[in-house]
$ cat upload36.cif   # mmCIF, C-alpha atoms
data_data
loop_
_atom_site.group_PDB
_atom_site.id
_atom_site.type_symbol
_atom_site.label_atom_id
_atom_site.label_comp_id
_atom_site.auth_asym_id
_atom_site.auth_seq_id
_atom_site.Cartn_x
_atom_site.Cartn_y
_atom_site.Cartn_z
ATOM 1 C CA MET L 1 0.000 0.000 0.000
ATOM 2 C CA ALA L 2 2.887 2.333 0.823
ATOM 3 C CA GLY L 3 3.647 2.836 -2.841
ATOM 4 C CA ASP L 4 0.533 1.606 -4.601
ATOM 5 C CA PRO L 5 -1.694 4.543 -5.650
ATOM 6 C CA ALA L 6 -4.639 2.248 -6.492
ATOM 7 C CA ALA L 7 -4.583 0.663 -3.027
ATOM 8 C CA GLN L 8 -4.281 4.105 -1.447
ATOM 9 C CA ARG L 9 -7.289 5.362 -3.369
ATOM 10 C CA LEU L 10 -9.288 2.273 -2.443
ATOM 11 C CA LEU L 11 -8.569 2.773 1.243
ATOM 12 C CA TYR L 12 -9.397 6.452 1.039
ATOM 13 C CA ASP L 13 -12.681 5.790 -0.775
ATOM 14 C CA LYS L 14 -13.672 3.178 1.777
ATOM 15 C CA TYR L 15 -12.766 4.949 5.006
ATOM 16 C CA GLY L 16 -12.287 8.631 4.098
ATOM 17 C CA GLY L 17 -15.902 9.559 4.833
ATOM 18 C CA ALA L 18 -16.133 7.594 8.095
ATOM 19 C CA LEU L 19 -12.901 9.136 9.372
ATOM 20 C CA TYR L 20 -13.929 12.602 8.239
ATOM 21 C CA GLY L 21 -17.113 12.220 10.287
ATOM 22 C CA ILE L 22 -15.040 11.311 13.345
ATOM 23 C CA VAL L 23 -12.550 14.148 12.820
ATOM 24 C CA LEU L 24 -15.361 16.684 12.415
ATOM 25 C CA GLN L 25 -16.663 15.670 15.820
ATOM 26 C CA LEU L 26 -13.286 16.341 17.355
ATOM 27 C CA ILE L 27 -12.562 19.499 15.366
ATOM 28 C CA PRO L 28 -15.808 21.136 14.225
ATOM 29 C CA GLU L 29 -14.043 23.358 11.714
ATOM 30 C CA CYS L 30 -13.976 22.168 8.093
ATOM 31 C CA ALA L 31 -10.628 23.670 7.026
ATOM 32 C CA LYS L 32 -8.840 22.256 10.051
ATOM 33 C CA ALA L 33 -10.640 18.908 9.750
ATOM 34 C CA ASN L 34 -9.559 18.672 6.092
ATOM 35 C CA GLU L 35 -5.972 19.268 7.132
ATOM 36 C CA ILE L 36 -6.211 16.591 9.826
ATOM 37 C CA LEU L 37 -7.644 14.056 7.382
ATOM 38 C CA VAL L 38 -4.775 14.760 4.986
ATOM 39 C CA LYS L 39 -2.329 14.103 7.820
ATOM 40 C CA VAL L 40 -4.095 10.908 8.893
ATOM 41 C CA PHE L 41 -3.997 9.339 5.428
ATOM 42 C CA THR L 42 -0.473 10.543 4.705
ATOM 43 C CA TYR L 43 0.653 8.990 7.970
ATOM 44 C CA ALA L 44 -1.241 5.775 7.203
ATOM 45 C CA PHE L 45 0.204 5.443 3.695
ATOM 46 C CA GLN L 46 3.732 6.020 4.882
ATOM 47 C CA ASN L 47 3.544 4.000 8.094
ATOM 48 C CA ILE L 48 1.298 1.095 7.208
ATOM 49 C CA HIS L 49 3.800 -1.249 8.892
ATOM 50 C CA ALA L 50 2.756 0.381 12.195
ATOM 51 C CA PHE L 51 -0.688 -1.192 11.738
ATOM 52 C CA THR L 52 0.721 -4.689 11.358
ATOM 53 C CA GLU L 53 2.792 -4.114 14.478
ATOM 54 C CA SER L 54 -0.201 -2.774 16.426
ATOM 55 C CA ASP L 55 -2.721 -4.720 18.502
ATOM 56 C CA HIS L 56 -5.566 -3.809 16.181
ATOM 57 C CA VAL L 57 -7.464 -6.455 14.291
ATOM 58 C CA SER L 58 -9.102 -4.155 11.758
ATOM 59 C CA LEU L 59 -7.428 -1.410 9.784
ATOM 60 C CA PHE L 60 -10.335 0.924 10.368
ATOM 61 C CA THR L 61 -10.066 1.060 14.159
ATOM 62 C CA TRP L 62 -6.322 1.663 13.828
ATOM 63 C CA LEU L 63 -7.039 4.559 11.457
ATOM 64 C CA MET L 64 -9.734 5.810 13.833
ATOM 65 C CA LYS L 65 -7.251 5.857 16.701
ATOM 66 C CA GLN L 66 -4.672 7.679 14.558
ATOM 67 C CA ALA L 67 -7.312 10.221 13.510
ATOM 68 C CA ARG L 68 -8.202 10.985 17.125
ATOM 69 C CA GLU L 69 -4.578 11.187 18.227
ATOM 70 C CA ILE L 70 -3.586 13.496 15.365
ATOM 71 C CA SER L 71 -6.673 15.659 15.933
ATOM 72 C CA LEU L 72 -5.919 16.070 19.625
ATOM 73 C CA ARG L 73 -2.223 16.669 18.989
ATOM 74 C CA ASP L 74 -2.923 19.328 16.385
ATOM 75 C CA THR L 75 -5.361 21.203 18.572
ATOM 76 C CA SER L 76 -3.412 24.073 20.080
ATOM 77 C CA PRO L 77 -3.401 24.275 23.900
ATOM 78 C CA ALA L 78 -4.871 27.799 23.710
ATOM 79 C CA SER L 79 -7.831 26.747 21.627
ATOM 80 C CA MET L 80 -8.206 23.648 23.786
ATOM 81 C CA ALA L 81 -8.462 25.776 26.935
ATOM 82 C CA ALA L 82 -10.968 28.073 25.288
ATOM 83 C CA GLU L 83 -13.022 25.137 24.104
ATOM 84 C CA VAL L 84 -13.022 23.494 27.509
ATOM 85 C CA LYS L 85 -14.508 26.632 29.023
ATOM 86 C CA VAL L 86 -17.412 26.565 26.590
ATOM 87 C CA GLU L 87 -17.258 22.851 25.980
ATOM 88 C CA ASP L 88 -20.979 22.263 26.398
ATOM 89 C CA GLN L 89 -21.834 24.666 23.591
ATOM 90 C CA GLN L 90 -18.987 23.415 21.381
ATOM 91 C CA LEU L 91 -19.724 19.755 21.810
ATOM 92 C CA THR L 92 -23.418 20.041 21.114
ATOM 93 C CA LEU L 93 -22.870 21.836 17.817
ATOM 94 C CA SER L 94 -23.584 18.645 15.974
ATOM 95 C CA ASN L 95 -25.544 15.826 17.518
ATOM 96 C CA ALA L 96 -25.618 13.754 14.363
ATOM 97 C CA HIS L 97 -22.701 11.477 15.120
ATOM 98 C CA TYR L 98 -23.234 8.215 16.954
ATOM 99 C CA ILE L 99 -20.827 9.099 19.753
ATOM 100 C CA GLN L 100 -22.601 12.424 20.268
ATOM 101 C CA ARG L 101 -25.953 10.634 20.416
ATOM 102 C CA PHE L 102 -24.513 8.164 22.895
ATOM 103 C CA THR L 103 -23.325 10.883 25.297
ATOM 104 C CA ALA L 104 -26.748 12.480 25.200
ATOM 105 C CA HIS L 105 -28.218 9.432 26.938
ATOM 106 C CA LEU L 106 -25.609 9.142 29.662
ATOM 107 C CA PRO L 107 -26.016 10.391 33.237
ATOM 108 C CA GLU L 108 -24.788 13.983 33.405
ATOM 109 C CA GLN L 109 -21.549 13.273 35.265
ATOM 110 C CA SER L 110 -20.557 10.330 33.078
ATOM 111 C CA SER L 111 -21.411 12.261 29.948
ATOM 112 C CA GLN L 112 -19.254 15.190 30.992
ATOM 113 C CA VAL L 113 -16.292 12.989 31.900
ATOM 114 C CA PHE L 114 -16.584 10.915 28.725
ATOM 115 C CA ARG L 115 -16.725 14.031 26.535
ATOM 116 C CA LEU L 116 -13.730 15.630 28.192
ATOM 117 C CA CYS L 117 -11.830 12.379 27.919
ATOM 118 C CA TYR L 118 -12.745 11.484 24.330
ATOM 119 C CA TYR L 119 -13.091 14.875 22.659
ATOM 120 C CA LYS L 120 -10.421 16.741 24.595
ATOM 121 C CA GLY L 121 -8.025 13.902 25.359
ATOM 122 C CA LEU L 122 -7.829 14.827 29.036
ATOM 123 C CA SER L 123 -6.669 12.290 31.618
ATOM 124 C CA THR L 124 -8.871 11.396 34.572
ATOM 125 C CA GLN L 125 -6.452 13.327 36.775
ATOM 126 C CA ALA L 126 -6.813 16.470 34.652
ATOM 127 C CA ILE L 127 -10.589 16.110 34.547
ATOM 128 C CA ALA L 128 -10.695 15.751 38.339
ATOM 129 C CA ARG L 129 -8.732 18.983 38.683
ATOM 130 C CA LEU L 130 -10.855 20.759 36.106
ATOM 131 C CA LEU L 131 -14.155 19.718 37.645
ATOM 132 C CA ASP L 132 -12.874 19.925 41.216
ATOM 133 C CA ARG L 133 -13.735 16.309 41.927
ATOM 134 C CA GLU L 134 -11.939 13.259 43.290
ATOM 135 C CA GLU L 135 -10.060 11.247 40.671
ATOM 136 C CA ASP L 136 -11.732 8.001 41.796
ATOM 137 C CA GLU L 137 -15.085 9.607 41.260
ATOM 138 C CA VAL L 138 -14.054 10.612 37.732
ATOM 139 C CA LYS L 139 -12.790 7.082 37.031
ATOM 140 C CA GLN L 140 -16.089 5.676 38.245
ATOM 141 C CA SER L 141 -18.022 8.025 35.955
ATOM 142 C CA LEU L 142 -15.860 6.966 33.017
ATOM 143 C CA SER L 143 -16.369 3.265 33.865
ATOM 144 C CA VAL L 144 -20.139 3.788 33.808
ATOM 145 C CA ALA L 145 -19.807 5.515 30.443
ATOM 146 C CA MET L 146 -17.764 2.658 28.985
ATOM 147 C CA ILE L 147 -20.200 -0.003 30.174
ATOM 148 C CA GLU L 148 -23.014 1.988 28.569
ATOM 149 C CA PHE L 149 -20.998 2.507 25.385
ATOM 150 C CA ARG L 150 -20.568 -1.243 25.038
ATOM 151 C CA LYS L 151 -24.316 -1.785 25.446
ATOM 152 C CA TYR L 152 -25.007 1.032 22.979
ATOM 153 C CA LEU L 153 -22.791 -0.536 20.307
ATOM 154 C CA GLN L 154 -24.228 -4.006 20.940
ATOM 155 C CA SER L 155 -27.818 -2.850 20.685
ATOM 156 C CA ASN L 156 -27.347 -0.807 17.512
ATOM 157 C CA TRP L 157 -24.649 -2.512 15.430
ATOM 158 C CA SER L 158 -24.611 -6.183 16.305
ATOM 159 C CA MET S 159 -11.137 -11.936 36.817
ATOM 160 C CA GLU S 160 -13.713 -13.764 34.775
ATOM 161 C CA LEU S 161 -13.411 -13.034 31.064
ATOM 162 C CA ALA S 162 -17.079 -12.192 30.507
ATOM 163 C CA GLN S 163 -17.055 -9.817 33.439
ATOM 164 C CA TYR S 164 -13.840 -8.229 32.168
ATOM 165 C CA ILE S 165 -15.318 -7.725 28.718
ATOM 166 C CA SER S 166 -18.539 -6.260 30.132
ATOM 167 C CA THR S 167 -16.575 -3.376 31.701
ATOM 168 C CA GLY S 168 -16.185 -1.970 28.188
ATOM 169 C CA ILE S 169 -12.414 -2.296 28.296
ATOM 170 C CA ILE S 170 -12.219 -3.279 24.615
ATOM 171 C CA GLU S 171 -14.224 -0.214 23.601
ATOM 172 C CA SER S 172 -12.154 1.940 25.935
ATOM 173 C CA TYR S 173 -8.925 0.598 24.415
ATOM 174 C CA LEU S 174 -10.106 1.072 20.854
ATOM 175 C CA LEU S 175 -11.262 4.631 21.503
ATOM 176 C CA GLY S 176 -7.896 5.375 23.053
ATOM 177 C CA LEU S 177 -9.351 6.122 26.490
ATOM 178 C CA ALA S 178 -7.678 3.308 28.437
ATOM 179 C CA THR S 179 -4.955 4.287 30.900
ATOM 180 C CA LYS S 180 -1.427 2.813 30.678
ATOM 181 C CA ASP S 181 -2.242 0.310 33.430
ATOM 182 C CA GLN S 182 -5.443 -0.718 31.688
ATOM 183 C CA VAL S 183 -3.598 -1.158 28.391
ATOM 184 C CA ALA S 184 -0.955 -3.327 30.088
ATOM 185 C CA GLU S 185 -3.662 -5.419 31.747
ATOM 186 C CA PHE S 186 -5.551 -5.685 28.449
ATOM 187 C CA ARG S 187 -2.456 -6.981 26.652
ATOM 188 C CA LEU S 188 -1.891 -9.517 29.399
ATOM 189 C CA MET S 189 -5.502 -10.673 29.203
ATOM 190 C CA ARG S 190 -5.166 -11.112 25.435
ATOM 191 C CA LYS S 191 -2.256 -13.457 26.043
ATOM 192 C CA LEU S 192 -4.059 -15.360 28.787
ATOM 193 C CA TYR S 193 -7.402 -15.589 27.009
ATOM 194 C CA PRO S 194 -7.117 -16.072 23.238
ATOM 195 C CA ALA S 195 -10.934 -16.095 23.144
ATOM 196 C CA LEU S 196 -10.744 -12.358 23.771
ATOM 197 C CA GLU S 197 -9.536 -11.901 20.184
ATOM 198 C CA MET S 198 -12.910 -12.884 18.806
ATOM 199 C CA GLU S 199 -14.650 -10.337 21.007
ATOM 200 C CA ILE S 200 -12.157 -7.634 19.967
ATOM 201 C CA ALA S 201 -12.877 -8.393 16.310
ATOM 202 C CA LEU S 202 -16.617 -8.109 17.014
ATOM 203 C CA VAL S 203 -16.252 -4.760 18.747
ATOM 204 C CA GLU S 204 -13.992 -3.433 15.978
ATOM 205 C CA ASN S 205 -16.598 -4.550 13.460
ATOM 206 C CA ARG S 206 -19.384 -2.747 15.364
ATOM 207 C CA MET S 207 -17.351 0.454 15.536
ATOM 208 C CA GLU S 208 -16.558 0.256 11.844
ATOM 209 C CA LYS S 209 -20.218 -0.260 10.959
ATOM 210 C CA ALA S 210 -21.248 2.649 13.180
ATOM 211 C CA ALA S 211 -18.662 5.007 11.678
ATOM 212 C CA LEU S 212 -19.391 3.937 8.082
ATOM 213 C CA GLY S 213 -23.070 4.623 8.716
ATOM 214 C CA GLU S 214 -22.221 8.174 9.798
ATOM 215 C CA ALA S 215 -19.730 8.913 7.014
ATOM 216 C CA VAL S 216 -19.356 12.483 5.795
ATOM 217 C CA PRO S 217 -17.869 12.684 2.275
ATOM 218 C CA PRO S 218 -14.705 14.763 2.483
ATOM 219 C CA PRO S 219 -14.155 17.516 -0.117
ATOM 220 C CA SER S 220 -12.087 16.569 -3.163
ATOM 221 C CA ARG S 221 -9.267 18.879 -2.078
ATOM 222 C CA VAL S 222 -8.500 16.474 0.777
ATOM 223 C CA TRP S 223 -7.412 13.764 -1.653
ATOM 224 C CA GLU S 224 -5.433 16.349 -3.627
ATOM 225 C CA GLY S 225 -3.801 17.441 -0.383
ATOM 226 C CA ILE S 226 -2.835 13.857 0.418
ATOM 227 C CA GLN S 227 -1.288 13.430 -3.038
ATOM 228 C CA GLN S 228 0.622 16.701 -2.735
ATOM 229 C CA ARG S 229 1.889 15.780 0.718
ATOM 230 C CA LEU S 230 2.978 12.325 -0.429
ATOM 231 C CA ASN S 231 4.791 13.835 -3.438
ATOM 232 C CA TRP S 232 6.347 16.509 -1.245
ATOM 233 C CA LYS S 233 7.500 13.889 1.217
ATOM 234 C CA SER S 234 9.019 11.762 -1.536
ATOM 235 C CA THR S 235 10.781 14.891 -2.882
ATOM 236 C CA GLN S 236 12.020 15.652 0.612
ATOM 237 C CA GLN S 237 13.303 12.089 0.960
ATOM 238 C CA GLN S 238 15.072 12.479 -2.394
ATOM 239 C CA GLU S 239 16.701 15.711 -1.185
ATOM 240 C CA GLU S 240 17.834 13.979 2.005
ATOM 241 C CA GLU S 241 19.274 11.171 -0.111
ATOM 242 C CA ASP S 242 21.074 13.723 -2.326
ATOM 243 C CA GLU S 243 22.448 15.434 0.791
ATOM 244 C CA ARG S 244 23.730 12.091 2.060
ATOM 245 C CA ARG S 245 25.279 11.292 -1.319
ATOM 246 C CA LYS S 246 27.280 14.530 -1.202
ATOM 247 C CA HIS S 247 29.654 12.812 1.201
ATOM 248 C CA TYR S 248 30.606 10.221 -1.395
ATOM 249 C CA THR S 249 32.777 10.472 -4.471
ATOM 250 C CA PHE S 250 31.296 8.717 -7.467
ATOM 251 C CA ILE S 251 33.560 7.073 -9.943
ATOM 252 C CA ASN S 252 31.961 6.428 -13.262
ATOM 253 C CA MET S 253 33.519 3.169 -14.326
ATOM 254 C CA GLN S 254 31.357 2.790 -17.382
ATOM 255 C CA PRO S 255 29.437 5.423 -19.258
ATOM 256 C CA LYS S 256 26.271 3.309 -19.093
ATOM 257 C CA GLU S 257 23.496 4.767 -16.968
ATOM 258 C CA GLY S 258 22.875 3.113 -13.617
ATOM 259 C CA THR S 259 26.217 1.319 -13.469
ATOM 260 C CA TYR S 260 28.177 3.330 -10.932
ATOM 261 C CA ILE S 261 30.243 2.343 -7.979
ATOM 262 C CA SER S 262 30.497 4.697 -5.059
ATOM 263 C CA VAL S 263 33.573 5.113 -2.902
ATOM 264 C CA HIS S 264 33.745 7.014 0.366
ATOM 265 C CA ARG S 265 35.881 10.165 0.468
ATOM 266 C CA SER S 266 38.194 8.672 3.072
ATOM 267 C CA TRP S 267 39.527 6.357 0.354
ATOM 268 C CA ARG S 268 41.046 9.337 -1.513
ATOM 269 C CA PRO S 269 44.197 9.782 0.705
ATOM 270 C CA ILE S 270 44.585 5.998 0.893
ATOM 271 C CA VAL S 271 44.590 5.715 -2.903
ATOM 272 C CA ILE S 272 47.010 8.685 -3.203
ATOM 273 C CA ALA S 273 49.348 7.044 -0.627
ATOM 274 C CA ILE S 274 49.248 3.747 -2.541
ATOM 275 C CA VAL S 275 50.066 5.498 -5.838
ATOM 276 C CA VAL S 276 52.965 7.459 -4.268
ATOM 277 C CA LEU S 277 54.313 4.289 -2.637
ATOM 278 C CA CYS S 278 54.145 2.459 -5.974
ATOM 279 C CA LYS S 279 56.069 5.255 -7.647
ATOM 280 C CA ILE S 280 58.746 5.206 -4.936
ATOM 281 C CA CYS S 281 59.075 1.434 -5.345
ATOM 282 C CA LEU S 282 59.314 1.825 -9.109
ATOM 283 C CA VAL S 283 62.069 4.465 -8.836
ATOM 284 C CA ALA S 284 63.884 2.324 -6.251
ATOM 285 C CA ALA S 285 63.594 -0.736 -8.488
ATOM 286 C CA VAL S 286 65.055 1.171 -11.478
ATOM 287 C CA TYR S 287 67.824 2.676 -9.317
ATOM 288 C CA TYR S 288 68.863 -0.676 -7.878
ATOM 289 C CA TYR S 289 68.614 -2.336 -11.294
ATOM 290 C CA PHE S 290 71.098 0.117 -12.797
ATOM 291 C CA LYS S 291 73.304 -0.031 -9.708
ATOM 292 C CA THR S 292 73.397 -3.827 -9.987
ATOM 293 C CA GLN S 293 74.199 -3.522 -13.672
ATOM 294 C CA VAL S 294 77.128 -1.205 -12.927
ATOM 295 C CA LEU S 295 78.444 -3.563 -10.259
ATOM 296 C CA GLN S 296 78.115 -6.547 -12.589
ATOM 297 C CA ASP S 297 80.038 -4.654 -15.280
ATOM 298 C CA LYS S 298 82.782 -3.796 -12.787
ATOM 299 C CA LEU S 299 82.933 -7.399 -11.654
ATOM 300 C CA GLU S 300 83.201 -8.528 -15.252
ATOM 301 C CA ASP S 301 86.040 -6.041 -15.899
ATOM 302 C CA MET S 302 87.895 -7.240 -12.815
ATOM 303 C CA ARG S 303 87.572 -10.863 -13.949
ATOM 304 C CA GLN S 304 88.908 -9.969 -17.378
ATOM 305 C CA GLN S 305 91.864 -8.066 -15.840
ATOM 306 C CA GLN S 306 92.581 -11.049 -13.600
ATOM 307 C CA ASN S 307 92.579 -13.331 -16.620
ATOM 308 C CA VAL S 308 95.049 -11.044 -18.408
ATOM 309 C CA THR S 309 97.534 -10.731 -15.479
ATOM 310 C CA VAL S 310 97.590 -14.423 -14.557
ATOM 311 C CA PRO S 311 98.742 -16.457 -17.629
ATOM 312 C CA ARG S 312 97.971 -20.139 -17.745
#
$ encode --input "upload36.cif" --output "structure tokens"
Amino acid sequence: MAGDPAAQRLLYDKYGGALYGIVLQLIPECAKANEILVKVFTYAFQNIHAFTESDHVSLFTWLMKQAREISLRDTSPASMAAEVKVEDQQLTLSNAHYIQRFTAHLPEQSSQVFRLCYYKGLSTQAIARLLDREEDEVKQSLSVAMIEFRKYLQSNWS
Amino acid sequence: MELAQYISTGIIESYLLGLATKDQVAEFRLMRKLYPALEMEIALVENRMEKAALGEAVPPPSRVWEGIQQRLNWKSTQQQEEEDERRKHYTFINMQPKEGTYISVHRSWRPIVIAIVVLCKICLVAAVYYYFKTQVLQDKLEDMRQQQNVTVPR
């Protein structure tokens, strides 16, 4: 794939849209999201060996993880801080995506922790500081969210 | 911990979303080794996530693909430049005029080759010098033998 344009195009056609949807949820700004998607595929095409060395079974979930990591890395700390302050407004800009819909049905605390963790890439320690809560409490909220996320996936896409 | 109970905590989903902590990731890897049956469940979860994301796909604008192509070309150009930069440290000797048939020699070989050539020349000069010197001595020896023959009659 690293040097095969046809294989690259095939992969892009298959997963480009799905990854773009995910990136737009993390960075709700088209120009920036476009740039991130370019970086994700460029990285994938040039480092496809990293997938074979990873623990992932499917290529898509590996790409999904790369897309999130690159999105979070490319979000400047300044804009991240600004977004965290108004995170409720920012994160409810688009409720179309399945992860957004999932968080809408979570208990308030779990929803907040999950969103800060997934969309902002914050650790449980950082979230505890930000929300002025105990870290164990934050971990518990995240555990509840993950149990619910599993059930949500099972009930909708099994 | 029982496998079913472990799976029900959503650890696979957490790992795939990139939300698992370092300790959880280490534990997850250990569990994968201990319970090969976990692989099937991971594949199922990955499949569910893929289906979910494909169902919510947003077609990216065409300029994204163009951007990828440009970036790939730029990267390959950059790699070529790096290769050229690296090659600057080597001296290329064109042994044959045919294209693609070069041998490359590192610059450090230059003084070694010069030293070998100089040494060869010194040896050559020495060989010629000693050859002529030997010739002169042989001539002298021959003359002495002839003189001896003349002075001592049989």
$ residues_around --input "upload36.cif" --residues "Thr52 (chain L)" --least-positions-apart "6" --cutoff "10 Å" --atoms "only C-alpha atoms" --output "VMD selection string"
chain L and resid 58 to 59 62
$ write_last_selection --input "upload36.cif" --atoms "C-alpha atoms" --output "PDB file, in the coordinates of the input"
ATOM      1  CA  SER L  58      -9.102  -4.155  11.758  1.00  0.00           C
ATOM      2  CA  LEU L  59      -7.428  -1.410   9.784  1.00  0.00           C
ATOM      3  CA  TRP L  62      -6.322   1.663  13.828  1.00  0.00           C
TER       4      TRP L  62
END
$ closest_residue --input "upload36.cif" --among "S:Ala162, S:Ala211, S:Met198, S:Gln304" --to "chain L" --atoms "only C-alpha atoms"
S:Ala211
$ interface_residues --input "upload36.cif" --of "chain S" --to "chain L" --cutoff "6 Å" --atoms "only C-alpha atoms" --output "list in words"
Thr167, Gly168, Arg206, Ala211, Leu212, Ala215, Val216, Pro217, Pro218, Val222 and Ile226 of chain S
$ axis_aligned_box --input "upload36.cif" --around "region 222-238 of chain S" --padding-each-side "4 Å" --output "lines of an AutoDock Vina configuration file"
center_x = 3.3
center_y = 14.6
center_z = -1.2
size_x = 31.6
size_y = 13.7
size_z = 12.8
$ resolve_selection --input "upload36.cif" --expression "the PyMOL selection byres ((chain L and resi 125) around 10)" --output "ChimeraX atom specification"
/L:122-124,126-130,133-136,138-139
$ atom_distance --input "upload36.cif" --atom1 "CA of Ile170 (chain S)" --atom2 "CA of Glu185 (chain S)"
11.3 Å
$ atom_distance --input "upload36.cif" --atom1 "CA of Ile200 (chain S)" --atom2 "CA of Leu116 (chain L)"
24.7 Å
$ atom_distance --input "upload36.cif" --atom1 "CA of Met302 (chain S)" --atom2 "CA of Ala284 (chain S)"
26.7 Å
$ build_atoms --input "upload36.cif" --residues "region 32-38 of chain L" --atoms "all heavy atoms" --output "mmCIF file, keeping the file's coordinate frame"
data_model
loop_
_atom_site.group_PDB
_atom_site.id
_atom_site.type_symbol
_atom_site.label_atom_id
_atom_site.label_comp_id
_atom_site.auth_asym_id
_atom_site.auth_seq_id
_atom_site.Cartn_x
_atom_site.Cartn_y
_atom_site.Cartn_z
ATOM 1 N N LYS L 32 -9.769 22.961 9.161
ATOM 2 C CA LYS L 32 -8.840 22.256 10.051
ATOM 3 C C LYS L 32 -9.047 20.738 9.951
ATOM 4 O O LYS L 32 -8.086 19.966 9.934
ATOM 5 C CB LYS L 32 -9.081 22.747 11.492
ATOM 6 C CG LYS L 32 -8.084 22.266 12.488
ATOM 7 C CD LYS L 32 -6.782 23.033 12.434
ATOM 8 C CE LYS L 32 -5.773 22.431 13.397
ATOM 9 N NZ LYS L 32 -4.412 22.792 13.051
ATOM 10 N N ALA L 33 -10.322 20.339 9.861
ATOM 11 C CA ALA L 33 -10.640 18.908 9.750
ATOM 12 C C ALA L 33 -10.059 18.331 8.452
ATOM 13 O O ALA L 33 -9.557 17.202 8.439
ATOM 14 C CB ALA L 33 -12.140 18.696 9.808
ATOM 15 N N ASN L 34 -10.130 19.117 7.379
ATOM 16 C CA ASN L 34 -9.559 18.672 6.092
ATOM 17 C C ASN L 34 -8.057 18.413 6.249
ATOM 18 O O ASN L 34 -7.528 17.401 5.778
ATOM 19 C CB ASN L 34 -9.741 19.746 5.014
ATOM 20 C CG ASN L 34 -11.186 19.968 4.657
ATOM 21 O OD1 ASN L 34 -12.063 19.187 5.034
ATOM 22 N ND2 ASN L 34 -11.464 21.054 3.944
ATOM 23 N N GLU L 35 -7.415 19.357 6.924
ATOM 24 C CA GLU L 35 -5.972 19.268 7.132
ATOM 25 C C GLU L 35 -5.624 18.016 7.964
ATOM 26 O O GLU L 35 -4.662 17.310 7.659
ATOM 27 C CB GLU L 35 -5.561 20.525 7.918
ATOM 28 C CG GLU L 35 -4.131 20.950 7.749
ATOM 29 C CD GLU L 35 -3.847 22.202 8.567
ATOM 30 O OE1 GLU L 35 -4.490 23.237 8.306
ATOM 31 O OE2 GLU L 35 -3.033 22.111 9.484
ATOM 32 N N ILE L 36 -6.451 17.764 8.968
ATOM 33 C CA ILE L 36 -6.211 16.591 9.826
ATOM 34 C C ILE L 36 -6.361 15.303 9.015
ATOM 35 O O ILE L 36 -5.542 14.387 9.109
ATOM 36 C CB ILE L 36 -7.192 16.579 11.033
ATOM 37 C CG1 ILE L 36 -6.976 17.794 11.931
ATOM 38 C CG2 ILE L 36 -7.088 15.274 11.823
ATOM 39 C CD1 ILE L 36 -5.648 17.867 12.651
ATOM 40 N N LEU L 37 -7.412 15.264 8.186
ATOM 41 C CA LEU L 37 -7.644 14.056 7.382
ATOM 42 C C LEU L 37 -6.482 13.803 6.418
ATOM 43 O O LEU L 37 -6.069 12.656 6.212
ATOM 44 C CB LEU L 37 -8.970 14.184 6.611
ATOM 45 C CG LEU L 37 -9.551 12.879 6.074
ATOM 46 C CD1 LEU L 37 -9.875 11.917 7.202
ATOM 47 C CD2 LEU L 37 -10.791 13.136 5.238
ATOM 48 N N VAL L 38 -5.953 14.876 5.872
ATOM 49 C CA VAL L 38 -4.775 14.760 4.986
ATOM 50 C C VAL L 38 -3.626 14.130 5.774
ATOM 51 O O VAL L 38 -2.971 13.186 5.316
ATOM 52 C CB VAL L 38 -4.365 16.147 4.422
ATOM 53 C CG1 VAL L 38 -2.989 16.083 3.766
ATOM 54 C CG2 VAL L 38 -5.390 16.653 3.424
#
